[in-house]
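Below is run-v1.txt, which holds compact mmCIF, C-alpha atoms and all ligand atoms.
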```txt
# COMPACT_ATOMS: atom_id res chain seq x y z
CA MET E 1 -10.66 1.37 17.20
CA ALA E 2 -12.96 0.25 14.40
CA ASN E 3 -12.72 2.02 11.09
CA GLY E 4 -14.17 -0.56 8.74
CA HIS E 5 -17.45 -2.13 7.85
CA PRO E 6 -17.73 -5.42 9.76
CA HIS E 7 -18.11 -7.42 6.55
CA ASP E 8 -15.53 -5.68 4.55
CA ASP E 9 -11.89 -4.82 4.34
CA ALA E 10 -12.59 -1.48 2.68
CA PRO E 11 -11.82 1.67 4.63
CA PHE E 12 -15.42 2.79 4.70
CA SER E 13 -14.58 5.67 6.98
CA ALA E 14 -12.30 6.87 4.21
CA LEU E 15 -15.04 6.79 1.61
CA GLY E 16 -16.34 10.03 3.06
CA ARG E 17 -13.33 11.81 1.62
CA ILE E 18 -14.43 11.06 -1.92
CA GLY E 19 -16.31 14.34 -2.01
CA THR E 20 -13.18 16.32 -1.23
CA PRO E 21 -11.29 17.76 -4.18
CA PRO E 22 -8.30 15.68 -5.24
CA PRO E 23 -4.96 17.29 -4.45
CA ASP E 24 -2.72 18.57 -7.19
CA LEU E 25 -1.09 15.33 -8.27
CA ASP E 26 1.91 17.05 -9.80
CA ALA E 27 2.73 18.67 -6.48
CA ALA E 28 2.17 15.47 -4.50
CA PRO E 29 4.96 13.09 -3.52
CA PRO E 30 5.71 10.35 -6.04
CA GLN E 31 2.82 7.88 -5.89
CA MET E 32 4.85 4.77 -6.45
CA ARG E 33 8.23 3.33 -7.18
CA PRO E 34 8.33 1.73 -10.63
CA THR E 35 6.94 -1.79 -10.67
CA ARG E 36 8.98 -4.70 -11.94
CA PRO E 37 7.82 -6.21 -15.23
CA LEU E 38 7.03 -9.89 -14.80
CA ALA E 39 7.82 -12.73 -17.13
CA THR E 40 4.79 -14.22 -18.84
CA SER E 41 4.18 -17.77 -19.96
CA PRO E 42 2.50 -18.90 -23.18
CA GLU E 43 -1.26 -18.76 -22.91
CA PRO E 44 -4.18 -20.15 -24.89
CA PRO E 45 -5.54 -17.96 -27.71
CA PRO E 46 -7.96 -15.30 -26.49
CA PRO E 47 -11.71 -15.89 -26.83
CA PRO E 48 -13.38 -14.03 -29.70
CA GLU E 49 -14.28 -10.42 -29.03
CA THR E 50 -17.92 -9.50 -28.91
CA GLU E 51 -19.16 -8.63 -32.38
CA SER E 52 -20.25 -5.13 -31.51
CA ALA E 53 -17.03 -4.37 -29.65
CA ARG E 54 -14.49 -5.48 -32.20
CA HIS E 55 -14.32 -2.31 -34.22
CA ARG E 56 -15.40 0.07 -31.52
CA ALA E 57 -13.10 2.92 -30.73
CA LEU E 58 -12.34 3.80 -27.13
CA PRO E 59 -14.75 6.34 -25.67
CA PRO E 60 -13.80 9.97 -25.86
CA ALA E 61 -12.01 11.38 -22.83
CA ARG E 62 -14.91 13.78 -22.28
CA GLY E 63 -18.62 13.07 -22.02
CA ASP E 64 -20.53 10.59 -19.89
CA LEU E 65 -18.62 7.50 -18.91
CA ARG E 66 -20.95 4.50 -18.84
CA ILE E 67 -19.98 2.16 -15.99
CA GLY E 68 -20.86 -1.53 -15.64
CA ILE E 69 -20.50 -3.31 -12.29
CA ILE E 70 -19.89 -7.07 -12.21
CA GLY E 71 -20.72 -8.59 -8.82
CA THR E 72 -23.34 -6.80 -6.75
CA GLY E 73 -22.45 -7.84 -3.17
CA GLY E 74 -21.02 -5.87 -0.25
CA MET E 75 -18.16 -4.02 -1.95
CA ALA E 76 -20.16 -3.26 -5.10
CA ALA E 77 -22.15 -0.67 -3.16
CA ALA E 78 -18.93 1.26 -2.48
CA HIS E 79 -18.19 1.18 -6.22
CA ALA E 80 -21.68 2.38 -7.12
CA GLU E 81 -21.55 5.23 -4.58
CA ASN E 82 -18.07 6.32 -5.58
CA PHE E 83 -18.79 6.32 -9.30
CA GLN E 84 -22.08 8.15 -8.75
CA ARG E 85 -20.27 10.89 -6.86
CA GLN E 86 -18.05 11.69 -9.81
CA THR E 87 -19.14 14.13 -12.45
CA GLY E 88 -19.72 12.57 -15.85
CA CYS E 89 -20.03 9.00 -14.59
CA ARG E 90 -23.24 7.07 -15.18
CA LEU E 91 -24.03 3.60 -13.83
CA GLU E 92 -25.29 1.81 -16.91
CA SER E 93 -25.43 -1.93 -16.23
CA CYS E 94 -24.82 -4.59 -13.57
CA LEU E 95 -24.33 -8.34 -13.54
CA ASP E 96 -24.41 -11.04 -10.87
CA ILE E 97 -24.81 -14.81 -10.92
CA ASP E 98 -27.50 -14.18 -8.37
CA ALA E 99 -30.13 -12.47 -10.56
CA ALA E 100 -32.18 -11.38 -7.54
CA ALA E 101 -29.13 -9.67 -6.03
CA ALA E 102 -28.46 -7.86 -9.31
CA LYS E 103 -32.11 -6.78 -9.54
CA ALA E 104 -32.08 -5.36 -6.01
CA PHE E 105 -28.77 -3.62 -6.70
CA ALA E 106 -30.06 -2.13 -9.97
CA SER E 107 -33.11 -0.80 -8.19
CA ARG E 108 -31.09 0.59 -5.24
CA PHE E 109 -28.73 2.54 -7.49
CA ALA E 110 -31.18 3.28 -10.33
CA ILE E 111 -29.13 1.27 -12.85
CA PRO E 112 -31.16 1.00 -16.07
CA HIS E 113 -29.83 -2.34 -17.35
CA GLN E 114 -29.32 -5.76 -15.77
CA ALA E 115 -26.94 -7.74 -18.00
CA LYS E 116 -27.47 -11.40 -18.79
CA ASP E 117 -23.75 -12.07 -19.20
CA VAL E 118 -20.42 -10.24 -19.47
CA THR E 119 -20.76 -9.74 -23.24
CA ASP E 120 -24.13 -8.11 -22.71
CA LEU E 121 -22.66 -5.79 -20.06
CA ILE E 122 -19.55 -4.89 -22.02
CA ARG E 123 -21.59 -3.99 -25.08
CA ARG E 124 -23.30 -1.16 -23.18
CA CYS E 125 -20.38 0.18 -21.12
CA ASP E 126 -17.14 2.14 -21.53
CA ALA E 127 -15.66 1.01 -18.21
CA VAL E 128 -16.15 -2.04 -16.04
CA ALA E 129 -15.72 -2.59 -12.28
CA VAL E 130 -15.02 -6.22 -11.34
CA VAL E 131 -16.33 -6.83 -7.81
CA THR E 132 -16.78 -10.60 -7.65
CA PRO E 133 -14.90 -13.14 -5.47
CA ASP E 134 -11.18 -13.19 -6.24
CA ALA E 135 -11.04 -16.47 -8.19
CA THR E 136 -13.48 -15.08 -10.79
CA HIS E 137 -11.72 -11.75 -11.51
CA ALA E 138 -9.51 -12.95 -14.36
CA GLU E 139 -12.28 -13.95 -16.78
CA PHE E 140 -13.95 -10.54 -16.45
CA VAL E 141 -10.73 -8.50 -16.60
CA LEU E 142 -9.61 -10.39 -19.72
CA ALA E 143 -13.02 -9.89 -21.36
CA ALA E 144 -12.84 -6.15 -20.66
CA LEU E 145 -9.26 -5.73 -21.89
CA ARG E 146 -9.83 -7.72 -25.07
CA ASN E 147 -12.84 -5.59 -25.89
CA ASN E 148 -11.12 -2.26 -25.23
CA ARG E 149 -13.02 -1.50 -22.05
CA HIS E 150 -11.36 0.33 -19.17
CA VAL E 151 -11.35 -1.88 -16.10
CA LEU E 152 -11.09 -1.33 -12.35
CA CYS E 153 -10.61 -4.74 -10.74
CA GLU E 154 -11.07 -5.43 -7.06
CA LYS E 155 -8.08 -6.61 -5.08
CA PRO E 156 -6.30 -8.95 -5.22
CA LEU E 157 -6.03 -9.03 -9.02
CA THR E 158 -6.58 -12.80 -9.23
CA SER E 159 -6.13 -15.90 -7.13
CA SER E 160 -3.21 -17.43 -9.05
CA MET E 161 -0.04 -16.42 -10.83
CA VAL E 162 -1.20 -18.33 -13.92
CA ASP E 163 -4.17 -15.97 -14.28
CA ALA E 164 -2.02 -12.97 -13.34
CA LYS E 165 0.35 -13.71 -16.21
CA ARG E 166 -2.54 -14.02 -18.66
CA ILE E 167 -3.73 -10.61 -17.50
CA ALA E 168 -0.18 -9.19 -17.72
CA ARG E 169 0.01 -10.19 -21.35
CA ALA E 170 -3.46 -8.89 -22.28
CA TRP E 171 -2.74 -5.69 -20.34
CA ARG E 172 0.47 -4.93 -22.22
CA GLU E 173 -1.45 -5.09 -25.49
CA ALA E 174 -4.53 -3.22 -24.25
CA LYS E 175 -2.45 -0.45 -22.67
CA GLY E 176 -0.97 0.27 -26.08
CA ARG E 177 -4.53 0.79 -27.35
CA GLY E 178 -5.23 3.35 -24.62
CA VAL E 179 -7.15 1.10 -22.23
CA ILE E 180 -6.90 2.03 -18.53
CA GLY E 181 -6.58 -0.93 -16.15
CA MET E 182 -6.29 -0.52 -12.39
CA VAL E 183 -6.66 -2.54 -9.19
CA ASN E 184 -8.60 -1.23 -6.22
CA PHE E 185 -5.94 -1.29 -3.52
CA SER E 186 -8.22 1.05 -1.67
CA TYR E 187 -5.74 2.19 0.98
CA ARG E 188 -4.08 4.28 -1.73
CA CYS E 189 -6.49 6.90 -0.39
CA ALA E 190 -4.18 7.07 2.66
CA ALA E 191 -2.02 10.15 2.23
CA ALA E 192 0.18 8.75 5.01
CA MET E 193 1.49 6.01 2.71
CA HIS E 194 2.31 8.43 -0.13
CA HIS E 195 4.05 10.79 2.26
CA ALA E 196 6.07 7.97 3.86
CA ALA E 197 7.10 6.79 0.36
CA TRP E 198 8.17 10.32 -0.51
CA LEU E 199 10.19 10.76 2.71
CA HIS E 200 11.96 7.45 2.18
CA GLY E 201 12.55 8.30 -1.50
CA GLU E 202 14.18 11.55 -0.37
CA GLY E 203 16.61 9.55 1.80
CA ARG E 204 15.17 10.93 5.05
CA ILE E 205 15.46 7.64 6.94
CA GLY E 206 18.60 6.42 5.19
CA GLN E 207 19.04 2.78 4.27
CA LEU E 208 16.07 0.66 5.24
CA ARG E 209 16.90 -1.92 7.89
CA HIS E 210 13.67 -3.24 9.42
CA VAL E 211 9.92 -3.02 8.76
CA THR E 212 7.04 -4.30 10.84
CA ALA E 213 3.48 -4.11 9.56
CA GLN E 214 0.12 -5.49 10.60
CA TYR E 215 -3.34 -5.79 9.11
CA PHE E 216 -5.66 -7.19 11.77
CA GLN E 217 -9.37 -8.02 11.69
CA GLY E 218 -11.51 -9.96 14.13
CA TRP E 219 -15.02 -9.88 12.71
CA LEU E 220 -14.83 -13.24 10.89
CA SER E 221 -13.62 -15.00 14.03
CA GLU E 222 -16.68 -14.09 16.04
CA THR E 223 -19.34 -15.89 14.06
CA HIS E 224 -19.32 -18.18 11.05
CA GLU E 225 -22.62 -19.77 10.24
CA PRO E 226 -24.60 -16.52 9.95
CA ALA E 227 -21.82 -14.81 8.03
CA GLY E 228 -23.41 -16.08 4.76
CA GLY E 229 -21.86 -14.61 1.64
CA ALA E 230 -18.70 -13.50 3.46
CA LEU E 231 -17.72 -17.16 3.86
CA TRP E 232 -16.08 -17.34 0.43
CA ARG E 233 -13.22 -15.55 2.17
CA LEU E 234 -12.56 -18.69 4.22
CA ARG E 235 -12.37 -21.11 1.26
CA ARG E 236 -9.39 -21.70 -0.96
CA ALA E 237 -11.74 -22.62 -3.82
CA SER E 238 -12.96 -19.00 -4.09
CA GLY E 239 -9.48 -17.55 -3.77
CA GLY E 240 -10.14 -16.65 -0.14
CA GLY E 241 -7.63 -16.65 2.68
CA VAL E 242 -6.17 -13.90 4.77
CA ILE E 243 -2.89 -13.68 2.80
CA ALA E 244 -4.81 -12.76 -0.35
CA ASP E 245 -7.62 -10.78 1.26
CA LEU E 246 -5.69 -8.60 3.73
CA GLY E 247 -2.09 -9.41 2.77
CA CYS E 248 -2.49 -7.83 -0.66
CA HIS E 249 -3.34 -4.45 0.90
CA LEU E 250 -0.46 -4.71 3.37
CA LEU E 251 2.07 -5.75 0.72
CA ASP E 252 0.90 -2.89 -1.49
CA LEU E 253 1.30 -0.35 1.33
CA VAL E 254 4.65 -1.68 2.54
CA THR E 255 6.32 -2.10 -0.86
CA ALA E 256 5.03 1.28 -2.02
CA VAL E 257 7.32 2.71 0.67
CA ALA E 258 10.11 0.13 0.98
CA GLY E 259 10.36 -0.95 -2.66
CA PRO E 260 10.16 -4.43 -4.19
CA VAL E 261 10.67 -7.69 -2.34
CA ARG E 262 13.52 -10.11 -3.18
CA ARG E 263 12.30 -13.18 -1.28
CA ILE E 264 9.50 -14.29 1.02
CA HIS E 265 8.95 -16.77 3.81
CA CYS E 266 5.54 -17.43 5.32
CA ILE E 267 3.76 -19.53 7.91
CA THR E 268 -0.02 -19.75 8.21
CA SER E 269 -2.75 -21.30 10.35
CA ASN E 270 -6.30 -22.37 9.67
CA PHE E 271 -8.48 -22.44 12.80
CA PRO E 272 -11.66 -24.45 13.56
CA LYS E 273 -14.99 -22.71 12.90
CA VAL E 274 -18.08 -23.16 15.00
CA ALA E 275 -21.76 -23.10 14.00
CA ARG E 276 -24.52 -21.33 15.91
CA ASP E 277 -25.36 -24.51 17.82
CA GLY E 278 -21.73 -24.91 18.93
CA LYS E 279 -21.01 -27.77 16.50
CA PRO E 280 -18.01 -27.72 14.17
CA PHE E 281 -18.72 -25.74 10.99
CA THR E 282 -16.36 -27.01 8.31
CA ALA E 283 -17.83 -26.22 4.87
CA TRP E 284 -19.95 -23.70 3.02
CA GLN E 285 -21.79 -24.50 -0.20
CA GLY E 286 -20.06 -27.90 -0.21
CA LYS E 287 -16.51 -26.50 -0.14
CA PRO E 288 -14.26 -26.74 2.94
CA LEU E 289 -13.36 -23.63 4.95
CA ASP E 290 -9.71 -24.47 4.41
CA ALA E 291 -8.08 -21.10 3.66
CA ASP E 292 -5.42 -19.44 5.81
CA ASP E 293 -6.86 -17.45 8.74
CA SER E 294 -3.62 -16.05 10.15
CA ALA E 295 -0.19 -15.54 8.61
CA VAL E 296 3.28 -14.28 9.47
CA ILE E 297 5.10 -13.20 6.32
CA THR E 298 8.82 -12.46 6.48
CA VAL E 299 10.34 -10.57 3.57
CA GLU E 300 13.75 -9.45 2.41
CA PHE E 301 13.59 -6.27 0.35
CA ALA E 302 15.50 -5.98 -2.92
CA ALA E 303 17.26 -2.89 -1.57
CA GLY E 304 18.17 -4.71 1.67
CA GLY E 305 16.48 -4.80 5.04
CA LEU E 306 13.97 -7.22 6.51
CA GLY E 307 10.24 -7.00 7.08
CA VAL E 308 7.75 -8.92 9.22
CA LEU E 309 4.17 -8.62 8.04
CA GLN E 310 1.32 -10.07 10.06
CA VAL E 311 -2.23 -10.57 8.82
CA SER E 312 -5.02 -12.18 10.80
CA ARG E 313 -8.75 -12.70 10.89
CA TRP E 314 -8.30 -13.83 14.43
CA ALA E 315 -7.28 -10.47 15.82
CA THR E 316 -10.18 -10.43 18.27
CA GLY E 317 -11.18 -6.94 19.34
CA ARG E 318 -9.88 -5.47 16.07
CA GLN E 319 -12.26 -4.46 13.32
CA ASN E 320 -9.82 -3.17 10.72
CA THR E 321 -6.38 -2.19 12.00
CA ILE E 322 -3.45 -1.32 9.72
CA ARG E 323 -0.08 -0.05 10.92
CA ALA E 324 3.43 0.00 9.46
CA ASP E 325 6.81 0.98 11.00
CA PHE E 326 9.86 1.57 8.79
CA HIS E 327 13.29 1.82 10.46
CA GLY E 328 16.34 3.05 8.58
CA THR E 329 19.90 4.07 9.31
CA ARG E 330 18.93 7.76 9.71
CA GLY E 331 15.46 7.53 11.21
CA ALA E 332 12.05 5.92 11.23
CA LEU E 333 8.56 6.37 9.77
CA VAL E 334 5.30 5.13 11.26
CA PHE E 335 1.73 5.31 10.03
CA ASP E 336 -1.27 3.90 11.82
CA LEU E 337 -4.43 4.01 9.69
CA ASP E 338 -6.56 3.08 12.68
CA HIS E 339 -5.62 6.45 14.00
CA SER E 340 -5.41 8.60 10.90
CA TYR E 341 -5.06 8.26 7.13
CA ASP E 342 -3.24 11.58 6.94
CA GLN E 343 -0.49 11.39 9.58
CA VAL E 344 3.08 10.10 9.46
CA HIS E 345 5.26 9.98 12.58
CA HIS E 346 8.82 10.66 11.59
CA HIS E 347 11.85 10.11 13.79
CA GLU E 348 15.09 11.82 12.81
CA ALA E 349 18.13 10.19 14.40
CA GLU E 350 20.04 13.44 13.94
CA HIS E 351 17.63 15.36 16.19
CA LYS E 352 16.73 12.39 18.38
CA ALA E 353 13.09 13.44 18.19
CA TRP E 354 9.74 12.35 16.74
CA ARG E 355 7.54 14.75 14.82
CA THR E 356 4.18 14.27 13.12
CA ASP E 357 3.61 15.28 9.50
CA HIS E 358 0.09 15.99 8.18
CA PRO E 359 0.08 15.48 4.40
CA SER E 360 -3.03 16.61 2.51
CA ALA E 361 -5.67 14.04 1.53
CA ALA E 362 -5.00 11.62 -1.33
CA PRO E 363 -7.54 10.71 -4.04
CA SER E 364 -9.33 7.37 -3.96
CA THR E 365 -8.68 4.68 -6.56
CA TRP E 366 -12.07 5.50 -8.14
CA GLN E 367 -11.04 9.12 -8.55
CA ARG E 368 -7.68 8.08 -9.99
CA PHE E 369 -9.38 5.64 -12.37
CA VAL E 370 -11.85 8.17 -13.77
CA GLN E 371 -9.17 10.86 -14.01
CA ALA E 372 -6.85 8.42 -15.82
CA ILE E 373 -9.57 7.71 -18.39
CA ARG E 374 -10.14 11.44 -18.90
CA ASP E 375 -6.37 12.07 -19.23
CA GLY E 376 -5.74 8.97 -21.35
CA ARG E 377 -2.85 8.10 -19.04
CA CYS E 378 -2.87 5.20 -16.60
CA ASP E 379 -2.31 5.90 -12.90
CA GLN E 380 -1.20 3.63 -10.06
CA PRO E 381 -2.09 1.06 -8.92
CA ASP E 382 -2.32 -0.33 -12.44
CA LEU E 383 -2.76 -3.93 -13.52
CA ALA E 384 1.02 -4.45 -13.67
CA ARG E 385 1.16 -3.48 -10.01
CA GLY E 386 -1.65 -5.99 -9.38
CA VAL E 387 0.50 -8.67 -11.05
CA GLU E 388 3.52 -7.71 -8.94
CA ILE E 389 1.50 -7.98 -5.72
CA GLN E 390 0.12 -11.30 -6.97
CA SER E 391 3.68 -12.61 -7.30
CA TYR E 392 4.26 -11.81 -3.60
CA LEU E 393 0.98 -13.44 -2.56
CA ASP E 394 1.79 -16.50 -4.63
CA ALA E 395 5.26 -16.77 -3.09
CA ALA E 396 3.83 -16.41 0.44
CA MET E 397 1.27 -19.16 -0.18
CA HIS E 398 3.90 -21.38 -1.78
CA SER E 399 6.23 -20.91 1.19
CA ALA E 400 3.41 -21.64 3.65
CA GLU E 401 2.67 -24.88 1.82
CA LYS E 402 6.17 -26.16 1.07
CA GLY E 403 8.27 -24.35 3.65
CA GLY E 404 11.41 -22.29 3.10
CA TRP E 405 12.16 -19.01 1.37
CA ILE E 406 10.73 -18.31 -2.10
CA GLU E 407 12.69 -16.07 -4.45
CA ILE E 408 10.54 -13.59 -6.36
CA GLU E 409 10.67 -14.30 -10.08
CA ALA E 410 12.88 -11.78 -11.86
CA GLY E 411 11.04 -9.56 -14.33
N1 LIG E 501 -10.80 -2.88 -1.86
C1 LIG E 501 -11.32 -3.26 -0.72
O1 LIG E 501 -11.00 -2.70 0.30
C2 LIG E 501 -12.30 -4.39 -0.70
C3 LIG E 501 -13.21 -4.54 0.34
C4 LIG E 501 -14.10 -5.62 0.30
C5 LIG E 501 -14.07 -6.52 -0.74
N2 LIG E 501 -13.15 -6.35 -1.72
C6 LIG E 501 -13.08 -7.27 -2.86
O2 LIG E 501 -14.29 -7.16 -3.61
C7 LIG E 501 -14.61 -8.43 -4.18
C8 LIG E 501 -16.02 -8.81 -3.76
O3 LIG E 501 -16.08 -8.86 -2.36
P1 LIG E 501 -17.47 -8.65 -1.58
O4 LIG E 501 -17.12 -8.42 -0.18
O5 LIG E 501 -18.32 -7.66 -2.30
O6 LIG E 501 -18.09 -10.10 -1.75
P2 LIG E 501 -19.62 -10.49 -1.68
O7 LIG E 501 -19.65 -11.94 -1.44
O8 LIG E 501 -20.37 -9.58 -0.78
O9 LIG E 501 -20.15 -10.18 -3.18
C9 LIG E 501 -19.72 -10.88 -4.31
C10 LIG E 501 -20.82 -10.87 -5.35
O10 LIG E 501 -20.33 -11.48 -6.55
C11 LIG E 501 -21.32 -12.36 -7.06
N3 LIG E 501 -20.67 -13.36 -7.88
C12 LIG E 501 -19.94 -14.44 -7.47
N4 LIG E 501 -19.44 -15.10 -8.54
C13 LIG E 501 -19.86 -14.42 -9.64
C14 LIG E 501 -19.70 -14.62 -11.04
N5 LIG E 501 -18.97 -15.64 -11.52
N6 LIG E 501 -20.30 -13.75 -11.88
C15 LIG E 501 -21.03 -12.71 -11.42
N7 LIG E 501 -21.24 -12.49 -10.09
C16 LIG E 501 -20.65 -13.32 -9.22
C17 LIG E 501 -21.99 -12.92 -5.82
O11 LIG E 501 -23.28 -13.46 -6.14
C18 LIG E 501 -22.04 -11.69 -4.92
O12 LIG E 501 -23.22 -10.93 -5.14
C19 LIG E 501 -13.52 -9.39 -3.70
O13 LIG E 501 -12.52 -9.49 -4.68
C20 LIG E 501 -12.97 -8.71 -2.46
O14 LIG E 501 -11.63 -9.07 -2.19
C21 LIG E 501 -12.30 -5.30 -1.72
```
If you took the structure in this file and wrote it as structure tokens, what would it be?
Amino acid sequence: MANGHPHDDAPFSALGRIGTPPPDLDAAPPQMRPTRPLATSPEPPPPPETESARHRALPPARGDLRIGIIGTGGMAAAHAENFQRQTGCRLESCLDIDAAAAKAFASRFAIPHQAKDVTDLIRRCDAVAVVTPDATHAEFVLAALRNNRHVLCEKPLTSSMVDAKRIARAWREAKGRGVIGMVNFSYRCAAAMHHAAWLHGEGRIGQLRHVTAQYFQGWLSETHEPAGGALWRLRRASGGGVIADLGCHLLDLVTAVAGPVRRIHCITSNFPKVARDGKPFTAWQGKPLDADDSAVITVEFAAGGLGVLQVSRWATGRQNTIRADFHGTRGALVFDLDHSYDQVHHHEAEHKAWRTDHPSAAPSTWQRFVQAIRDGRCDQPDLARGVEIQSYLDAAMHSAEKGGWIEIEAG
């Protein structure tokens, strides 16, 4: 049943595929439907660029790509390993507010430089991976974009629509200068999703009528006090909460197949946590564990049809379970990543039968990111896609707080 690291939402079992050659992207099904552009609001003037970066040209598409990693916790190791596996990538610098953590990380991955701040890191690197808690992503992404550094940001892009719009604006400008910006929706390595999107795009299940999807985890319900660093996921102050943490992956997978969402309704619950001695455990580092633990998100798709998406940290007995069922007028599609990343069950109403398709493996986001830099052409999921998903997360949280349906802002 388990296919994930107990302290992570990354598909660690899938990381093994990184060594496999990427499929021919031209021959593969369309990766994504086009994302909606989002309206942006006025923002404060950008901070000054670092002196050394201001006139620096973007790195050549060939030659060693110097990578800097910001945040050196659990997920950063997956970034380090994945970048190290790719030819022509060199880990150059790392940064963490916890200097001891950064030192240990630098030594583990033989990274020559430990940066004292983001300016120091950016000065030495061509590309930056942002792997800090969600609420801190925006400052690092904006610093990278404004200094012409390629950036791969962890999911979700930010923890608020205000920050997402600031990124959207900086991204539009940086993209024009050739900067690659992507978000690590890591389940893009699931060929099943791409194949399902292609089948639906080809009209093989007709008009979409109903979608059910789940992302279930149980590991953060079992124990709280010893969970240490993982506890930021349970605090609103760090951008935590199951809607953001797991919901972003599920919304990315579902809308990649079903297309954009028109409106969202959501209900959530926050459950009591218990310390090792059995007493209530309500705060970590002085901030309450007040984020959503479980959510039921109902969506209406722009093209019609309804969806019910469930995300929970309280799915006891589940380590990392993702499944989606798409029902249309002519058939149905099902993928279950707990079972396989490379299988889609396809029901054709015409033949009244299920069959199983086995699409070939899809590249990871790290592979896409590096290839995009080499090609000088951004791939999905890009930062605009990150902003789109953020608009869904924001709407779900807003609905959970105020009640009722939330229309998605027109782009
Ligand atoms: N794509 C995936 O499947 C996946 C899986 C796990 C985590 N993530 C994402 O990765 C990010 C990090 O998660 P994690 O599990 O590694 O968390 P973590 O708590 O293990 O590590 C976070 C690290 O960031 C450091 N940090 C915090 N604030 C910082 C700041 N302002 N400047 C520099 N360093 C700072 C912390 O000291 C810590 O070392 C999150 O955005 C999370 O959602 C993604």
With ligand LIG 501 (chain E) as the partner and 6 Å as the cut-off, tabulate the residues of chain E that qualify, each row holding the nearest pair of atoms and their distance in Å to one decimal, using only C-alpha atoms and all ligand atoms, sorted by chain and rising number, as CSV.
```
residue,atom,partner,partner_atom,distance
E:Asp8,CA,E:LIG501,C4,4.5
E:Asp9,CA,E:LIG501,C3,4.2
E:Ala10,CA,E:LIG501,O1,3.1
E:Ile70,CA,E:LIG501,C15,5.8
E:Gly71,CA,E:LIG501,O10,3.7
E:Thr72,CA,E:LIG501,O12,4.4
E:Gly73,CA,E:LIG501,O9,3.3
E:Gly74,CA,E:LIG501,O8,3.8
E:Met75,CA,E:LIG501,O5,3.7
E:Ala76,CA,E:LIG501,O5,5.5
E:Leu95,CA,E:LIG501,C15,5.9
E:Asp96,CA,E:LIG501,N7,3.6
E:Ile97,CA,E:LIG501,N7,4.3
E:Asp98,CA,E:LIG501,O11,4.8
E:Val131,CA,E:LIG501,C7,4.3
E:Thr132,CA,E:LIG501,O10,3.8
E:Pro133,CA,E:LIG501,C19,4.4
E:Asp134,CA,E:LIG501,O13,4.2
E:Thr136,CA,E:LIG501,N5,5.6
E:Glu154,CA,E:LIG501,O13,4.9
E:Lys155,CA,E:LIG501,O14,5.2
E:Asn184,CA,E:LIG501,N1,5.2
E:Phe185,CA,E:LIG501,N1,5.4
E:Ser186,CA,E:LIG501,N1,4.7
E:Gly229,CA,E:LIG501,O7,4.6
E:Ala230,CA,E:LIG501,O7,5.2
E:Asp245,CA,E:LIG501,O14,5.6
```
Counting all atoms listed in the file, which residues come within 12 Å of (-24.1, -4.5, -24.2), with the point read in the file's coordinates, and could you list them as number ranges by chain? E: 50-53, 66-68, 92-95, 113-128, 144, 147, 149
I'd like the contact shell of stretch 156-164 of chain E - 8 Å cut-off, all atoms listed in the file, skipping same-chain residues fewer than 6 positions apart - returned as a list in words. Asp134, Ala135, Thr136, His137, Ala138, Val183, Phe185, Gly239, Ala244, Asp245, Cys248, Leu383, Gly386, Val387, Ile389, Gln390, Ser391 and Asp394 of chain E
Closest to E:Lys165 among E:Phe281, E:Pro272, E:Cys266, E:Leu142, using all atoms listed in the file?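 Among the listed residues, E:Leu142 lies closest to E:Lys165.
In this structure, atom CA of E:Lys287 sits 25.7 Å away from atom CA of E:His249.
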Interatomic distance between atom CA of E:Trp219 and atom CA of E:Val311?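 Separation between atom CA of E:Trp219 and atom CA of E:Val311: 13.4 Å.
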If we count only C-alpha atoms and set the cut-off at 12 Å, which residues sit around E:Lys402, ignoring sequence neighbours fewer than 3 positions away in its own chain? Please answer as a PDB file with C-alpha atoms, keeping the file's coordinate frame.
```
ATOM      1  CA  HIS E 265       8.950 -16.770   3.810  1.00  0.00           C
ATOM      2  CA  CYS E 266       5.540 -17.430   5.320  1.00  0.00           C
ATOM      3  CA  ILE E 267       3.760 -19.530   7.910  1.00  0.00           C
ATOM      4  CA  THR E 268      -0.020 -19.750   8.210  1.00  0.00           C
ATOM      5  CA  ALA E 395       5.260 -16.770  -3.090  1.00  0.00           C
ATOM      6  CA  ALA E 396       3.830 -16.410   0.440  1.00  0.00           C
ATOM      7  CA  MET E 397       1.270 -19.160  -0.180  1.00  0.00           C
ATOM      8  CA  HIS E 398       3.900 -21.380  -1.780  1.00  0.00           C
ATOM      9  CA  SER E 399       6.230 -20.910   1.190  1.00  0.00           C
ATOM     10  CA  TRP E 405      12.160 -19.010   1.370  1.00  0.00           C
ATOM     11  CA  ILE E 406      10.730 -18.310  -2.100  1.00  0.00           C
TER      12      ILE E 406
END
```
Hey, which of E:Asp357, E:His339, E:Gly218, E:Trp366 ends up closest to E:Ala129? Count only C-alpha atoms.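 Using only C-alpha atoms, the shortest distance to E:Ala129 belongs to E:Trp366.
Candidate residues E:Asp375, E:Glu81, E:Asp292, E:Glu388 were compared for distance to E:Glu401, and the nearest is E:Asp292, using only C-alpha atoms.
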Dig up all the protein and nucleic acid residues within 7 Å of (1.6, -11.8, 11.6) in the file frame, using all atoms listed in the file, and format them as a list in words.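 Output: Gln214, Ser294, Ala295, Val296, Ile297, Leu309, Gln310, Val311 and Ser312 of chain E.
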Considering all atoms listed in the file, can you say which of E:Tyr341, E:Val308, E:Ala302, E:Arg330 comes closest to E:Glu407? E:Ala302
